[in-house]
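Remarks on the structure that follows.
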Amino acid sequence: MKKLINHVDNIVNEMLDGMTAAHPNRLRRLEGTTVLVRKDAPVTGKVGIVSGGGSGHEPAHAGYVGPGMLDGAVAGEVFTSPTPDQVFEAIKAVDGGKGVLLVIKNYTGDVMNFEMAAELAEAEGIKVRQVVVNDDVAVEDSSFTSGRRGVAGTVLVHKIAGAKAAEGAALDDVHAAAESVIKNVKSMGMSLSPCTVPAAGKPGFTLGEKEMEIGTGIHGEPGVERTDIKPAAETAEILFNKVFQEMNMQAGDEAAVIINGLGSTPLMELYIFHHAIDRLLKEKDIRVEEAVVGEWMTSLEMAGVSFTMLKLDDTLKKLLDAPSNTVSWKRG
Amino acid sequence: MKKLINHVDNIVNEMLDGMTAAHPNRLRRLEGTTVLVRKDAPVTGKVGIVSGGGSGHEPAHAGYVGPGMLDGAVAGEVFTSPTPDQVFEAIKAVDGGKGVLLVIKNYTGDVMNFEMAAELAEAEGIKVRQVVVNDDVAVEDSSFTSGRRGVAGTVLVHKIAGAKAAEGAALDDVHAAAESVIKNVKSMGMSLSPCTVPAAGKPGFTLGEKEMEIGTGIHGEPGVERTDIKPAAETAEILFNKVFQEMNMQAGDEAAVIINGLGSTPLMELYIFHHAIDRLLKEKDIRVEEAVVGEWMTSLEMAGVSFTMLKLDDTLKKLLDAPSNTVSWKRG
Amino acid sequence: MITTGTAENWMENFKELILQNKDELTTLDQAIGDGDHGINMARGVQEMHAMLQEKTFETPGALLKAAAMVFISKIGGASGPLYGSALMKIAAEAGDKAELTDQDLLACLEAGKKAVQQRGRAETGEKTMYDVWDPIINTFRGEETIDWKAFKKAAEQAVDSTVDMHAKKGRAAYLGARSIGHTDPGAFSSRLFFEALADAAQEEN
Amino acid sequence: MITTGTAENWMENFKELILQNKDELTTLDQAIGDGDHGINMARGVQEMHAMLQEKTFETPGALLKAAAMVFISKIGGASGPLYGSALMKIAAEAGDKAELTDQDLLACLEAGKKAVQQRGRAETGEKTMYDVWDPIINTFRGEETIDWKAFKKAAEQAVDSTVDMHAKKGRAAYLGARSIGHTDPGAFSSRLFFEALADAAQEEN
Ligand SMILES: Nc1ncnc2c1ncn2[C@@H]1O[C@H](COP(=O)(O)OP(=O)(O)O)[C@@H](O)[C@H]1O
Ligand SMILES: Nc1ncnc2c1ncn2[C@@H]1O[C@H](COP(=O)(O)OP(=O)(O)O)[C@@H](O)[C@H]1O
Ligand SMILES: [Mg+2]
Ligand SMILES: [Mg+2]
Ligand SMILES: [Mg+2]
Ligand SMILES: [Mg+2]
């Protein structure tokens, strides 16, 4: 394990302090917590939005804290959901009187910890609503299981719910906007190499010199299929087809698209991958104004990519294009 | 070599098409070339700015094409300077009548190829001036050698020269602004793992499981010292001290700072690194409004980081803060 | 008979067993989860140990409630809320009794089991820690005194039963049928939880 | 005596030698540069070969000028402008003569050497390709006819002389003293350039 760190136990702490040190006019750390909030939180008269999860997915989630997106981000240990008390601190700090929306990625741990935090907040009279993002089509959908994972599509929930909240909308309306993204966003990823949780010291899985894994989760959860390494165009087709088949889209529809690097895949390769995706979009006659290509929801230093597509209607598009000014997502 | 690519010979081509496909309203590829220009190039009455170099440093340079920064970016093969004819095409396409500034990173190949392009352009009556960025203090400075390499500091030259040009300044003044950045910007990098030029198929160098290299160049050029792997804080101190010692800065001065990931170093580690840098800055009482932490001038999938510092005066600061709207650098 | 001292030994034994099996738990979680279960649990029990060093308690219930708070606020992940909620309900059931009979204890464990079920929305056979909690409590429900050897044996068997299960909850569920053939990490740590209790209770006698 | 055919053989021989030594050139460049010299040169000579297949030329000068244009526009890096500029000046010096005597050829090579020097701002002893061009041309300057065996030998020796040099130009200069002990890749490819010429000229005779 070769990492640019100091003590394994101090990673999240130093990372968070590094973030506030880098962005002192944007971010503030709640003392004694692992919560970063907007410098000016709480914003009176605006619904607060809190997200978060295990660390190791940077720029998620603190990179999306700021005007037009999140009010607070709660960081857990690497790949481990944060605890209820931390989430509760975030809720208290961002509540501007109109209540708080929790944006949770669908992992058992995240759901349970955020839920416990919501119980604590409600006990103190803060209005809280939750949404659970489950965009990863690599996992079979089923009401008998914990269901699909939340991955890069989460960022679009942040953006669109954030824009709705910035308009001054009520908690229920911000909640509805988030749900409408969740209903229409699907993702799928693949990996060429694993990643190493610092405290574990060894990779979460192994792949042969000529192997790749289709459907890997952002915590290195094993995927759905292990195959010989394929050309970028073929890989793009596998991910695209699976995502597309789960969406209800027609020729002429408009979509937002994220090409998300998982950590160590160079931007060069992400654009090569998008080159293939672009052809598939054109074949299906799906319109995309500008694809978002980069690292948005990573898995430490995993090599690989995920493809996310959100079906847009006029309302979603307007909210997506609305201004946001965060460290990692600037629009308008 | 595990890469998300199709044919090794088609990498740059597909990457460039992938970029225009992703950003059709921002970027335009000059047909039959490896040049990307602003969609609206040439901008009449504005000095054009062209940069470029070998590919593999994404988002440099096409990510910086747009209002407030570059007018054109010329891509060579991976880690290989583009040829004079390509640079010449870029110059012609962005000349809005006020001449063109070439921003060149100081590598023999880049200097020679851009110089030949300038000769071609001047022969056709286009005013061209050049600046050569040489911010890498890992290399000894000397007038008897080709001198220091150009690395991440180049992005600040793009930003500041771009802002000056956007003001409508004359070529000589844009040139002077660029030179003033070059005089005041220094960088140094280190690596934890090498990278593989796709056509070569094997890593450019090797490092032991417990080794790191100080002073590595962005093409995997061997650095100045190979040592046992050190904690992030100690590594930060080595890079900071070397950079600082080459700068003429006093307590109370203001600086711009870039923490640049070389490719596969997670953002988490870059912030941990910055956490250490921030302390060193505070010790010296150097003011930094917001540090720029991310991937700006990469080396394919190399693991490592570089530290860049630019001493600011009022003029440079104003230009740095001026609006820019490119794929990878948005301000104001 | 569970005194405050027994409760403390239970928790300290749990700490020891978790630390001894930390790598094993991580390895199990790497196979069908995200590889942090050993790390998570170790963090939790170490913090709990530190807390126990600092504070003294009058009743088993008070001690277990404090342990629950540490688990809730220090572990995170799936296991934090599950162990935390379970211990919280165990403590609530214990109330302010100074000593718990085996029957009291079984009522406590029943409450803990229900907490795991509710918090995790877990059913039996879904390959989670619930597949240790549920059969153990079912086996001993209604007994006057607990045969601690049999108790440990039951926990061990329950863990083994998870190997052939097809995971439906937790991260392992993402693997679908590929989860079959592996031991559930949370089931394994739950066995340690009950083993720690058995050892503490046996020492007592 | 260099005819158009000799010039073509020269370039085709160069192509063959580069392709045969592509990995070696890359390995040399990995040691003290960025590992692409073999790739760059291979790309250039293949494009040049394709061009030669397509076009026919009246004079050595015309052929070498066309080769220069390919090198300039297809290689990039440091070697593209250097070989391109050198061939451009060689072609200019050859003018429109149908045949070049050995003396004409030496004048051409002298012009090429100056182009390398100017374009690269190179001096002798700086561990670049100039350290092959300069000694070779100095050795044979003024000779009536070229002893091709000696010519090849001189090129080989010149390459070897770069091993002990401390690089001052090109990427290897970044290494400072650590560049000592390695052969300069561009010097090695320049030797192939001259070897290709010698082989073509000898065939001719
Ligand atoms: N819904 C659930 N109900 C009961 N137990 C669960 C549930 N989800 C997960 N678990 C238990 O939690 C264990 C994993 O814990 P841990 O690795 O610490 O958390 P995470 O999965 O968040 O990384 C699983 O092995 C399983 O026993
Ligand atoms: N300033 C220079 N003058 C003469 N030759 C040079 C100079 N700089 C580099 N070279 C030659 O170019 C060779 C490297 O070529 P190549 O690897 O293709 O380009 P790059 O260095 O741009 O990757 C060196 O080995 C050296 O012989
Ligand atoms: Mg976890
Ligand atoms: Mg090169
Ligand atoms: Mg886990
Ligand atoms: Mg080279």
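Within each chain, counting starts at residue 1; across the structure tokens, chains are named A, B, ... in the order shown, with ligands numbered 1 upward in that order.
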request  = Could you please extract the residues within 6 Å of ligand 3, counting only C-alpha atoms and all ligand atoms, and hand them back as a ChimeraX atom specification?
outcome  = /A:79-80 /C:34,36,77
I need the residues from that last selection saved to file as an mmCIF file, in the first residue's frame (with N, CA, C and O atoms), if you can.
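As written to disk, part.cif reads:
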```
data_model
loop_
_atom_site.group_PDB
_atom_site.id
_atom_site.type_symbol
_atom_site.label_atom_id
_atom_site.label_comp_id
_atom_site.auth_asym_id
_atom_site.auth_seq_id
_atom_site.Cartn_x
_atom_site.Cartn_y
_atom_site.Cartn_z
ATOM 1 N N PHE A 79 -15.003 4.391 3.620
ATOM 2 C CA PHE A 79 -15.997 3.396 3.187
ATOM 3 C C PHE A 79 -16.935 2.953 4.320
ATOM 4 O O PHE A 79 -17.523 1.883 4.254
ATOM 5 N N THR A 80 -17.072 3.767 5.359
ATOM 6 C CA THR A 80 -17.948 3.405 6.458
ATOM 7 C C THR A 80 -18.898 4.560 6.743
ATOM 8 O O THR A 80 -18.451 5.690 6.950
ATOM 9 N N ASP C 34 -17.363 -4.972 2.026
ATOM 10 C CA ASP C 34 -16.384 -3.953 1.665
ATOM 11 C C ASP C 34 -15.143 -3.994 2.543
ATOM 12 O O ASP C 34 -14.353 -3.052 2.545
ATOM 13 N N ASP C 36 -14.424 -3.896 5.790
ATOM 14 C CA ASP C 36 -14.113 -3.041 6.937
ATOM 15 C C ASP C 36 -14.722 -3.544 8.247
ATOM 16 O O ASP C 36 -14.615 -2.864 9.264
ATOM 17 N N GLY C 77 -21.165 2.559 9.734
ATOM 18 C CA GLY C 77 -21.446 1.404 8.897
ATOM 19 C C GLY C 77 -22.755 0.749 9.277
ATOM 20 O O GLY C 77 -23.605 1.354 9.947
#
```
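Residues with any atom within 9 Å of segment 139-150 of chain A, counting only C-alpha atoms and excluding same-chain neighbours fewer than 3 positions away, are Ile104, Lys105, Asn106, Tyr107, Thr108, Val132, Val133, Asn134, Asp135, Asp136, Gly153, Thr154, Ser187, Gly215, Gly217, Ile218, Gly223 and Val224 of chain A; Arg121, Glu126, Ala167, Lys168, Lys169, Gly170, Arg171, Ala173, Tyr174, Leu175 and Gly176 of chain C.
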message = Around ligand 1, which protein and nucleic acid residues have at least one atom no more than 8 Å from it, if we count only C-alpha atoms and all ligand atoms? List them as an MDAnalysis selection string.
response = (chainID A and resid 79:81 107:110 146) or (chainID C and resid 26 29 33:41 75:80 82 116:117 119:123 127:130 169:172 184:188)
key: Residue with smallest distance to ligand 2 - pool D:Gln103, D:Gln30, D:Gln202, D:Thr56, counting only C-alpha atoms and all ligand atoms   = D:Gln30
inquiry  = Would you pick out the contacts of Gly53 of chain A at 6 Å or less, using only C-alpha atoms, so that residues sharing its chain but fewer than 6 positions from it are not included, and give the list as a ChimeraX atom specification?
reply    = /A:75-76,81-82
Hey, can you spit out that residue selection with C-alpha atoms as a PDB file, in the first residue's frame?
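Now in again-v7.pdb:
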```
ATOM      1  CA  ALA A  75     -17.819  12.173   6.492  1.00  0.00           C
ATOM      2  CA  GLY A  76     -17.497   8.690   7.937  1.00  0.00           C
ATOM      3  CA  SER A  81     -21.151   5.310   7.036  1.00  0.00           C
ATOM      4  CA  PRO A  82     -20.875   8.175   9.507  1.00  0.00           C
TER       5      PRO A  82
END
```
Excluding segment 87-94 of chain B and residues on its chain fewer than 2 positions from it, collect all residues at most 8 Å away from it, counting only C-alpha atoms, and give them as a JSON list (two decimals) with all heavy atoms, in the first residue's frame.
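Below you can see result_9.json, which holds the result:
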```json
[["chain", "number", "residue", "atom", "x", "y", "z"],
["B", 30, "LEU", "N", -10.34, 21.52, -35.12],
["B", 30, "LEU", "CA", -10.03, 21.90, -36.50],
["B", 30, "LEU", "C", -9.87, 20.63, -37.30],
["B", 30, "LEU", "O", -9.05, 19.77, -36.97],
["B", 30, "LEU", "CB", -8.74, 22.71, -36.55],
["B", 30, "LEU", "CG", -8.70, 24.02, -35.74],
["B", 30, "LEU", "CD1", -7.36, 24.71, -35.97],
["B", 30, "LEU", "CD2", -9.85, 24.94, -36.12],
["B", 33, "THR", "N", -6.88, 17.95, -37.84],
["B", 33, "THR", "CA", -5.75, 18.32, -36.96],
["B", 33, "THR", "C", -5.96, 17.75, -35.56],
["B", 33, "THR", "O", -6.98, 17.13, -35.29],
["B", 33, "THR", "CB", -5.65, 19.86, -36.80],
["B", 33, "THR", "OG1", -6.72, 20.29, -35.94],
["B", 33, "THR", "CG2", -5.77, 20.58, -38.13],
["B", 35, "VAL", "N", -5.98, 19.89, -33.06],
["B", 35, "VAL", "CA", -6.15, 21.20, -32.42],
["B", 35, "VAL", "C", -7.60, 21.37, -31.98],
["B", 35, "VAL", "O", -8.52, 21.15, -32.76],
["B", 35, "VAL", "CB", -5.80, 22.33, -33.41],
["B", 35, "VAL", "CG1", -6.03, 23.69, -32.75],
["B", 35, "VAL", "CG2", -4.37, 22.19, -33.90],
["B", 36, "LEU", "N", -7.80, 21.75, -30.71],
["B", 36, "LEU", "CA", -9.12, 22.15, -30.24],
["B", 36, "LEU", "C", -9.09, 23.65, -29.98],
["B", 36, "LEU", "O", -8.17, 24.16, -29.35],
["B", 36, "LEU", "CB", -9.50, 21.42, -28.94],
["B", 36, "LEU", "CG", -9.63, 19.90, -29.01],
["B", 36, "LEU", "CD1", -10.14, 19.35, -27.68],
["B", 36, "LEU", "CD2", -10.55, 19.45, -30.14],
["B", 37, "VAL", "N", -10.11, 24.34, -30.49],
["B", 37, "VAL", "CA", -10.18, 25.79, -30.26],
["B", 37, "VAL", "C", -11.52, 26.11, -29.62],
["B", 37, "VAL", "O", -12.44, 25.29, -29.62],
["B", 37, "VAL", "CB", -10.03, 26.59, -31.57],
["B", 37, "VAL", "CG1", -8.66, 26.35, -32.19],
["B", 37, "VAL", "CG2", -11.14, 26.26, -32.57],
["B", 41, "ALA", "N", -13.85, 30.77, -31.89],
["B", 41, "ALA", "CA", -12.57, 31.31, -32.37],
["B", 41, "ALA", "C", -12.67, 31.59, -33.87],
["B", 41, "ALA", "O", -13.36, 30.87, -34.58],
["B", 41, "ALA", "CB", -11.45, 30.30, -32.11],
["B", 42, "PRO", "N", -11.96, 32.63, -34.39],
["B", 42, "PRO", "CA", -11.16, 33.59, -33.63],
["B", 42, "PRO", "C", -12.04, 34.69, -33.03],
["B", 42, "PRO", "O", -13.06, 35.03, -33.59],
["B", 42, "PRO", "CB", -10.25, 34.18, -34.71],
["B", 42, "PRO", "CG", -11.08, 34.11, -35.96],
["B", 42, "PRO", "CD", -11.94, 32.88, -35.83],
["B", 43, "VAL", "N", -11.61, 35.22, -31.88],
["B", 43, "VAL", "CA", -12.33, 36.32, -31.27],
["B", 43, "VAL", "C", -11.70, 37.62, -31.78],
["B", 43, "VAL", "O", -10.56, 37.92, -31.47],
["B", 43, "VAL", "CB", -12.26, 36.25, -29.74],
["B", 43, "VAL", "CG1", -13.06, 37.39, -29.10],
["B", 43, "VAL", "CG2", -12.76, 34.90, -29.25],
["B", 48, "GLY", "N", -5.01, 36.15, -29.39],
["B", 48, "GLY", "CA", -5.24, 34.72, -29.27],
["B", 48, "GLY", "C", -4.16, 34.07, -28.42],
["B", 48, "GLY", "O", -3.01, 34.50, -28.44],
["B", 49, "ILE", "N", -4.53, 33.07, -27.65],
["B", 49, "ILE", "CA", -3.51, 32.36, -26.86],
["B", 49, "ILE", "C", -3.57, 30.88, -27.19],
["B", 49, "ILE", "O", -4.65, 30.26, -27.15],
["B", 49, "ILE", "CB", -3.71, 32.56, -25.34],
["B", 49, "ILE", "CG1", -3.77, 34.07, -25.03],
["B", 49, "ILE", "CG2", -2.58, 31.90, -24.56],
["B", 49, "ILE", "CD1", -3.83, 34.39, -23.56],
["B", 50, "VAL", "N", -2.42, 30.35, -27.55],
["B", 50, "VAL", "CA", -2.33, 28.93, -27.91],
["B", 50, "VAL", "C", -1.33, 28.26, -26.99],
["B", 50, "VAL", "O", -0.25, 28.79, -26.72],
["B", 50, "VAL", "CB", -1.87, 28.77, -29.38],
["B", 50, "VAL", "CG1", -1.49, 27.33, -29.68],
["B", 50, "VAL", "CG2", -2.96, 29.25, -30.34],
["B", 71, "ASP", "N", -7.28, 30.15, -26.27],
["B", 71, "ASP", "CA", -8.13, 30.11, -27.47],
["B", 71, "ASP", "C", -7.95, 28.80, -28.20],
["B", 71, "ASP", "O", -8.85, 28.35, -28.90],
["B", 71, "ASP", "CB", -7.76, 31.27, -28.39],
["B", 71, "ASP", "CG", -8.11, 32.59, -27.74],
["B", 71, "ASP", "OD1", -7.29, 33.12, -26.96],
["B", 71, "ASP", "OD2", -9.23, 33.07, -27.97],
["B", 72, "GLY", "N", -6.80, 28.18, -28.05],
["B", 72, "GLY", "CA", -6.57, 26.91, -28.74],
["B", 72, "GLY", "C", -5.58, 26.06, -27.98],
["B", 72, "GLY", "O", -4.70, 26.56, -27.27],
["B", 73, "ALA", "N", -5.74, 24.74, -28.10],
["B", 73, "ALA", "CA", -4.81, 23.79, -27.49],
["B", 73, "ALA", "C", -4.41, 22.78, -28.56],
["B", 73, "ALA", "O", -5.26, 22.26, -29.28],
["B", 73, "ALA", "CB", -5.48, 23.08, -26.31],
["B", 74, "VAL", "N", -3.11, 22.54, -28.64],
["B", 74, "VAL", "CA", -2.59, 21.62, -29.65],
["B", 74, "VAL", "C", -2.12, 20.37, -28.93],
["B", 74, "VAL", "O", -1.32, 20.45, -27.99],
["B", 74, "VAL", "CB", -1.41, 22.23, -30.41],
["B", 74, "VAL", "CG1", -1.12, 21.43, -31.67],
["B", 74, "VAL", "CG2", -1.67, 23.69, -30.74],
["B", 82, "PRO", "N", 3.59, 18.31, -30.01],
["B", 82, "PRO", "CA", 2.93, 18.34, -31.32],
["B", 82, "PRO", "C", 3.88, 18.93, -32.37],
["B", 82, "PRO", "O", 4.87, 19.57, -32.02],
["B", 82, "PRO", "CB", 1.73, 19.25, -31.08],
["B", 82, "PRO", "CG", 2.10, 20.11, -29.92],
["B", 82, "PRO", "CD", 3.01, 19.28, -29.06],
["B", 83, "THR", "N", 3.53, 18.73, -33.60],
["B", 83, "THR", "CA", 4.41, 19.17, -34.71],
["B", 83, "THR", "C", 4.08, 20.60, -35.12],
["B", 83, "THR", "O", 3.00, 21.11, -34.84],
["B", 83, "THR", "CB", 4.24, 18.21, -35.90],
["B", 83, "THR", "OG1", 2.85, 18.15, -36.24],
["B", 83, "THR", "CG2", 4.71, 16.82, -35.52],
["B", 84, "PRO", "N", 5.02, 21.24, -35.80],
["B", 84, "PRO", "CA", 4.86, 22.66, -36.16],
["B", 84, "PRO", "C", 3.62, 22.93, -37.01],
["B", 84, "PRO", "O", 2.95, 23.95, -36.81],
["B", 84, "PRO", "CB", 6.12, 22.96, -36.98],
["B", 84, "PRO", "CG", 7.11, 21.94, -36.58],
["B", 84, "PRO", "CD", 6.33, 20.72, -36.21],
["B", 85, "ASP", "N", 3.30, 22.01, -37.92],
["B", 85, "ASP", "CA", 2.15, 22.27, -38.78],
["B", 85, "ASP", "C", 0.86, 22.34, -37.97],
["B", 85, "ASP", "O", -0.04, 23.13, -38.26],
["B", 85, "ASP", "CB", 2.05, 21.20, -39.86],
["B", 85, "ASP", "CG", 2.11, 19.80, -39.29],
["B", 85, "ASP", "OD1", 2.94, 19.54, -38.40],
["B", 85, "ASP", "OD2", 1.29, 18.94, -39.70],
["B", 96, "GLY", "N", -7.19, 36.78, -34.04],
["B", 96, "GLY", "CA", -8.32, 37.69, -34.24],
["B", 96, "GLY", "C", -7.84, 39.05, -34.69],
["B", 96, "GLY", "O", -8.54, 40.05, -34.53],
["B", 100, "VAL", "N", -0.93, 36.50, -31.72],
["B", 100, "VAL", "CA", -1.11, 35.27, -30.95],
["B", 100, "VAL", "C", 0.07, 35.06, -30.01],
["B", 100, "VAL", "O", 1.22, 35.22, -30.39],
["B", 100, "VAL", "CB", -1.26, 34.05, -31.89],
["B", 100, "VAL", "CG1", -1.32, 32.76, -31.11],
["B", 100, "VAL", "CG2", -2.49, 34.21, -32.79],
["B", 113, "ASN", "N", 9.39, 22.78, -31.74],
["B", 113, "ASN", "CA", 8.22, 22.66, -32.62],
["B", 113, "ASN", "C", 7.38, 23.93, -32.64],
["B", 113, "ASN", "O", 6.91, 24.37, -33.70],
["B", 113, "ASN", "CB", 7.35, 21.47, -32.19],
["B", 113, "ASN", "CG", 7.96, 20.14, -32.61],
["B", 113, "ASN", "OD1", 7.94, 19.79, -33.80],
["B", 113, "ASN", "ND2", 8.53, 19.41, -31.67],
["B", 114, "PHE", "N", 7.21, 24.54, -31.47],
["B", 114, "PHE", "CA", 6.44, 25.79, -31.42],
["B", 114, "PHE", "C", 7.19, 26.92, -32.14],
["B", 114, "PHE", "O", 6.59, 27.76, -32.81],
["B", 114, "PHE", "CB", 6.11, 26.18, -29.96],
["B", 114, "PHE", "CG", 4.90, 25.48, -29.40],
["B", 114, "PHE", "CD1", 4.96, 24.16, -28.99],
["B", 114, "PHE", "CD2", 3.67, 26.14, -29.30],
["B", 114, "PHE", "CE1", 3.82, 23.51, -28.47],
["B", 114, "PHE", "CE2", 2.53, 25.51, -28.79],
["B", 114, "PHE", "CZ", 2.62, 24.19, -28.37],
["B", 117, "ALA", "N", 6.70, 26.62, -35.72],
["B", 117, "ALA", "CA", 5.35, 27.07, -36.06],
["B", 117, "ALA", "C", 5.29, 28.60, -36.10],
["B", 117, "ALA", "O", 4.67, 29.19, -36.99],
["B", 117, "ALA", "CB", 4.34, 26.53, -35.05],
["B", 118, "ALA", "N", 5.98, 29.21, -35.12],
["B", 118, "ALA", "CA", 6.00, 30.67, -35.08],
["B", 118, "ALA", "C", 6.65, 31.22, -36.34],
["B", 118, "ALA", "O", 6.19, 32.21, -36.92],
["B", 118, "ALA", "CB", 6.74, 31.15, -33.83],
["B", 120, "LEU", "N", 6.66, 29.80, -39.27],
["B", 120, "LEU", "CA", 5.68, 29.65, -40.36],
["B", 120, "LEU", "C", 4.63, 30.75, -40.30],
["B", 120, "LEU", "O", 4.25, 31.33, -41.33],
["B", 120, "LEU", "CB", 4.98, 28.29, -40.27],
["B", 120, "LEU", "CG", 5.82, 27.03, -40.52],
["B", 120, "LEU", "CD1", 5.05, 25.77, -40.16],
["B", 120, "LEU", "CD2", 6.28, 26.99, -41.98],
["B", 121, "ALA", "N", 4.15, 31.06, -39.07],
["B", 121, "ALA", "CA", 3.09, 32.05, -38.92],
["B", 121, "ALA", "C", 3.60, 33.44, -39.28],
["B", 121, "ALA", "O", 2.91, 34.22, -39.96],
["B", 121, "ALA", "CB", 2.55, 32.03, -37.48],
["B", 126, "ILE", "N", 1.39, 36.80, -39.52],
["B", 126, "ILE", "CA", 0.71, 36.81, -38.23],
["B", 126, "ILE", "C", 1.71, 37.16, -37.15],
["B", 126, "ILE", "O", 2.78, 36.57, -37.06],
["B", 126, "ILE", "CB", 0.06, 35.44, -37.94],
["B", 126, "ILE", "CG1", -0.89, 35.03, -39.07],
["B", 126, "ILE", "CG2", -0.66, 35.45, -36.58],
["B", 126, "ILE", "CD1", -1.51, 33.65, -38.91]]
```
Check every residue of chain B for an atom within 8 Å of chain A, counting only C-alpha atoms, and provide those that qualify as a short mmCIF file (atom, residue, chain, number, x, y, z; two decimals) with C-alpha atoms, in the first residue's frame.
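Output (part-v6.cif):
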```cif
data_model
loop_
_atom_site.label_atom_id
_atom_site.label_comp_id
_atom_site.auth_asym_id
_atom_site.auth_seq_id
_atom_site.Cartn_x
_atom_site.Cartn_y
_atom_site.Cartn_z
CA MET B 1 -0.73 -2.33 -18.96
CA LYS B 2 -4.43 -1.99 -18.13
CA LYS B 3 -6.04 0.90 -19.89
CA LEU B 4 -9.53 1.80 -20.91
CA ILE B 5 -8.66 2.35 -24.56
CA ASN B 6 -9.30 0.90 -27.99
CA HIS B 7 -6.34 0.92 -30.37
CA ILE B 11 -5.84 7.28 -28.44
CA GLU B 14 -10.57 9.44 -29.86
CA MET B 15 -9.75 11.55 -26.83
CA LEU B 16 -10.07 14.76 -28.85
CA ASP B 17 -13.33 13.64 -30.44
CA GLY B 18 -14.54 12.59 -27.01
CA MET B 19 -13.81 16.10 -25.76
CA ALA B 21 -18.54 15.32 -28.11
CA ALA B 22 -18.74 16.11 -24.40
CA HIS B 23 -18.42 19.87 -24.80
CA PRO B 24 -19.90 20.74 -28.19
CA ASN B 25 -20.79 24.27 -27.16
CA GLY B 56 -1.33 12.56 -21.27
CA GLU B 58 -5.26 16.14 -19.21
CA PRO B 59 -7.06 18.36 -18.38
CA LEU B 192 4.88 7.07 -5.66
CA GLU B 209 7.24 -1.18 -2.81
CA LYS B 210 8.64 1.22 -0.22
CA PRO B 231 4.73 10.56 5.57
CA ALA B 232 2.72 13.15 3.65
CA ALA B 233 3.73 15.91 6.05
CA GLY B 263 -3.08 11.04 -12.02
CA SER B 264 -3.95 8.28 -9.61
CA THR B 265 -3.54 9.98 -6.27
CA PRO B 266 -6.99 10.30 -4.67
CA LEU B 267 -8.32 13.74 -3.83
CA MET B 268 -8.38 12.53 -0.23
CA GLU B 269 -4.59 12.30 -0.24
CA LEU B 270 -4.22 15.65 -1.98
CA TYR B 271 -6.16 17.30 0.83
CA ILE B 272 -4.08 15.49 3.44
CA PHE B 273 -1.03 16.82 1.62
CA HIS B 274 -2.50 20.31 1.57
CA HIS B 275 -3.21 20.08 5.27
CA ALA B 276 0.55 19.88 5.75
CA ASP B 278 -1.20 24.91 4.93
CA GLU B 289 -7.14 32.99 -0.39
CA GLU B 290 -8.10 29.58 -1.75
CA ALA B 291 -5.80 26.72 -2.64
CA VAL B 292 -6.49 24.89 -5.87
CA VAL B 293 -6.52 21.18 -5.08
CA LEU B 300 -1.30 9.63 -17.20
CA GLU B 301 -1.90 7.35 -14.19
CA GLY B 304 2.12 11.53 -6.83
CA LYS B 330 -14.24 28.16 -13.87
#
```
